[in-house]
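Structure file data.txt with compact mmCIF, C-alpha atoms:
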```
# COMPACT_ATOMS: atom_id res chain seq x y z
CA MET R 1 105.60 -109.76 -208.70
CA GLY R 2 105.30 -106.21 -210.04
CA THR R 3 102.08 -104.38 -210.83
CA PRO R 4 99.09 -106.71 -210.83
CA LYS R 5 97.40 -107.24 -214.17
CA PRO R 6 93.82 -105.93 -214.01
CA TYR R 7 90.93 -108.33 -214.57
CA ALA R 8 89.35 -105.78 -216.93
CA THR R 9 90.34 -102.61 -218.75
CA PRO R 10 88.05 -99.72 -219.73
CA ALA R 11 88.07 -101.12 -223.30
CA ASP R 12 86.95 -104.52 -221.93
CA PHE R 13 84.15 -102.80 -220.00
CA TYR R 14 82.78 -100.98 -223.03
CA ASP R 15 83.11 -104.07 -225.21
CA TRP R 16 81.27 -106.13 -222.58
CA THR R 17 78.48 -103.56 -222.06
CA GLY R 18 78.14 -102.83 -225.77
CA GLU R 19 78.54 -99.13 -225.11
CA THR R 20 80.81 -96.86 -227.12
CA LEU R 21 84.17 -96.13 -225.53
CA PRO R 22 84.06 -92.37 -224.83
CA GLN R 23 86.93 -90.10 -225.83
CA THR R 24 87.07 -88.73 -222.28
CA GLY R 25 85.52 -89.72 -218.97
CA GLY R 26 83.61 -92.95 -218.60
CA VAL R 27 84.62 -95.87 -216.45
CA SER R 28 88.04 -95.38 -214.93
CA PRO R 29 90.75 -97.89 -214.10
CA ALA R 30 90.09 -96.96 -210.44
CA ASP R 31 86.40 -97.93 -210.78
CA LEU R 32 87.42 -101.21 -212.36
CA ARG R 33 89.93 -101.81 -209.55
CA ARG R 34 87.17 -101.29 -206.98
CA ALA R 35 85.02 -103.76 -208.92
CA GLU R 36 87.94 -106.20 -209.00
CA ILE R 37 88.24 -105.98 -205.22
CA ARG R 38 84.57 -106.98 -204.88
CA VAL R 39 85.13 -109.87 -207.31
CA ASP R 40 88.12 -111.00 -205.25
CA GLU R 41 85.91 -110.93 -202.15
CA MET R 42 83.44 -113.25 -203.90
CA LEU R 43 86.35 -115.60 -204.70
CA ILE R 44 87.58 -116.11 -201.14
CA GLY R 45 88.29 -119.81 -200.73
CA VAL R 46 88.06 -120.55 -204.46
CA VAL R 47 91.02 -122.40 -205.97
CA TYR R 48 92.11 -122.08 -209.60
CA ALA R 49 95.41 -122.46 -211.45
CA VAL R 50 97.75 -119.47 -211.60
CA ASP R 51 101.16 -118.80 -213.09
CA SER R 52 104.29 -117.83 -211.14
CA SER R 53 103.07 -114.20 -211.03
CA GLY R 54 99.74 -115.20 -209.55
CA TYR R 55 97.67 -114.64 -212.70
CA PRO R 56 95.05 -117.19 -213.74
CA THR R 57 96.11 -119.49 -216.56
CA ASP R 58 92.78 -120.98 -217.69
CA PRO R 59 91.18 -118.87 -220.45
CA ARG R 60 87.71 -119.61 -219.00
CA VAL R 61 88.77 -118.27 -215.61
CA ILE R 62 90.41 -115.21 -217.18
CA ARG R 63 87.23 -114.46 -219.14
CA ALA R 64 84.96 -115.02 -216.11
CA LEU R 65 87.05 -112.66 -213.97
CA MET R 66 86.93 -110.01 -216.70
CA GLU R 67 83.16 -110.37 -217.19
CA ALA R 68 82.44 -110.40 -213.44
CA THR R 69 84.56 -107.28 -212.98
CA CYS R 70 82.68 -105.54 -215.80
CA ALA R 71 79.33 -106.58 -214.30
CA GLN R 72 80.40 -105.27 -210.90
CA ALA R 73 81.56 -101.97 -212.41
CA ALA R 74 78.23 -101.68 -214.26
CA TRP R 75 76.48 -102.32 -210.91
CA PHE R 76 78.47 -99.45 -209.39
CA ASP R 77 77.41 -97.26 -212.31
CA GLU R 78 73.74 -98.25 -211.92
CA THR R 79 73.64 -97.77 -208.15
CA GLY R 80 76.11 -94.89 -207.90
CA ASP R 81 77.56 -96.71 -204.88
CA THR R 82 81.19 -97.77 -205.23
CA ALA R 83 81.76 -97.77 -201.46
CA GLY R 84 78.95 -100.14 -200.47
CA ALA R 85 77.21 -97.50 -198.36
CA LEU R 86 73.78 -98.59 -199.60
CA ALA R 87 74.34 -102.01 -198.06
CA VAL R 88 74.14 -100.58 -194.55
CA LEU R 89 70.86 -98.71 -194.99
CA GLY R 90 68.06 -99.69 -192.67
CA GLY R 91 64.37 -99.90 -193.42
CA GLY R 92 61.91 -97.20 -192.60
CA ALA R 93 58.34 -96.10 -192.91
CA ILE R 94 56.50 -93.16 -194.42
CA GLY R 95 52.92 -93.25 -193.25
CA SER R 96 51.59 -96.71 -193.99
CA VAL R 97 54.39 -97.54 -196.44
CA LYS R 98 57.09 -99.68 -194.87
CA LEU R 99 60.46 -100.04 -196.56
CA PRO R 100 62.49 -103.22 -196.01
CA THR R 101 66.09 -103.15 -194.88
CA ALA R 102 68.70 -103.23 -197.61
CA THR R 103 69.85 -106.70 -196.54
CA THR R 104 66.44 -108.34 -196.92
CA ALA R 105 64.73 -106.33 -199.67
CA ALA R 106 65.29 -108.73 -202.54
CA GLY R 107 65.50 -112.02 -200.69
CA GLY R 108 62.46 -112.28 -198.48
CA LYS R 109 62.27 -114.07 -195.17
CA GLY R 110 65.54 -115.54 -193.99
CA ALA R 111 67.54 -114.53 -197.07
CA THR R 112 70.86 -112.83 -196.75
CA ILE R 113 71.40 -110.27 -199.46
CA ASP R 114 74.56 -108.21 -199.79
CA LEU R 115 73.98 -105.07 -201.80
CA ARG R 116 77.71 -104.46 -202.22
CA TYR R 117 77.85 -107.12 -204.90
CA SER R 118 76.33 -107.43 -208.34
CA SER R 119 74.06 -110.45 -208.76
CA GLU R 120 75.21 -110.68 -212.36
CA ALA R 121 78.87 -110.80 -211.31
CA ALA R 122 78.07 -113.58 -208.83
CA ASP R 123 76.16 -115.48 -211.52
CA ILE R 124 79.10 -115.19 -213.93
CA LEU R 125 81.50 -116.57 -211.32
CA ALA R 126 79.10 -119.36 -210.33
CA ALA R 127 78.56 -120.38 -213.98
CA ALA R 128 82.33 -120.65 -214.38
CA GLY R 129 82.55 -122.84 -211.28
CA LEU R 130 84.34 -120.11 -209.34
CA ALA R 131 81.78 -119.29 -206.66
CA THR R 132 78.72 -120.59 -204.94
CA ARG R 133 75.52 -118.75 -204.32
CA SER R 134 75.45 -119.42 -200.56
CA VAL R 135 75.08 -115.68 -200.06
CA ARG R 136 72.70 -113.99 -202.45
CA TYR R 137 73.79 -110.77 -204.03
CA ALA R 138 71.41 -108.03 -205.09
```
Would you encode the structure as structure tokens?
Amino acid sequence: MGTPKPYATPADFYDWTGETLPQTGGVSPADLRRAEIRVDEMLIGVVYAVDSSGYPTDPRVIRALMEATCAQAAWFDETGDTAGALAVLGGGAIGSVKLPTATTAAGGKGATIDLRYSSEAADILAAAGLATRSVRYA
């Protein structure tokens, strides 16, 4: 099968975000790979057509995977959390101010929120018919 083709390149990321591709630094292929892993996790159980190398063949699917990967990488950039460490934080209190746990902060009573995933990435996949929103993402 060889080296897997990435869902998104740094050039894709900067085109998608509308930012200028820097001469040095910026989003790395490793950051995009981490984002791709999270996208793959959101796709567990989803079926779509692939070629003999395992790459998607539908242009809509290819675009959705690229956009979701870019959204997830942007989420990493915004949160500074590529490892998902923030998702395991518990609530706390300072005086009379009570902080919710990371898994319930955005969803309210009974909601399951996973802060390892970008809500925008999940929305992109759902709009393309590639995922459901049974688990809400932050």
Set the distance at 8 Å and use only C-alpha atoms: which residues neighbour Met42 of chain R once local chain neighbours fewer than 2 positions away are removed? I'd like the list as a PyMOL selection string. chain R and resi 38-40+44+122+131
State, in Å with one decimal place, the distance from atom CA of Thr79 of chain R to atom CA of Arg60 of chain R.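 Straight-line distance from atom CA of Thr79 of chain R to atom CA of Arg60 of chain R works out to 28.2 Å.
Reported to one decimal place, the separation of atom CA of Pro56 of chain R from atom CA of Ala74 of chain R is 22.9 Å.
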Considering only C-alpha atoms, state which residue in the set R:Asp31, R:Ile37, R:Ile62, R:Ala71 is at the smallest distance from Asp15 of chain R. R:Ala71
Rounded to one decimal place, report the atom CA of Gly129 of chain R-atom CA of Tyr7 of chain R distance in Å.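 Distance reported for this atom pair: 17.1 Å.
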Nearest to Leu43 of chain R: which of R:Gln23, R:Trp16, R:Ala126, R:Gln72 is it, counting all atoms listed in the file?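 Counting all atoms listed in the file, the residue closest to Leu43 of chain R is R:Ala126.
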Compare R:Asp81, R:Arg33, R:Leu115, R:Leu130 by their minimum atom-to-atom distance to Thr69 of chain R, counting all atoms listed in the file, and give me the closest one. R:Arg33
Restricting the calculation to all atoms listed in the file: of R:Leu65, R:Ala128, R:Ala83, R:Ala73, which residue gets closest to Tyr14 of chain R? R:Ala73
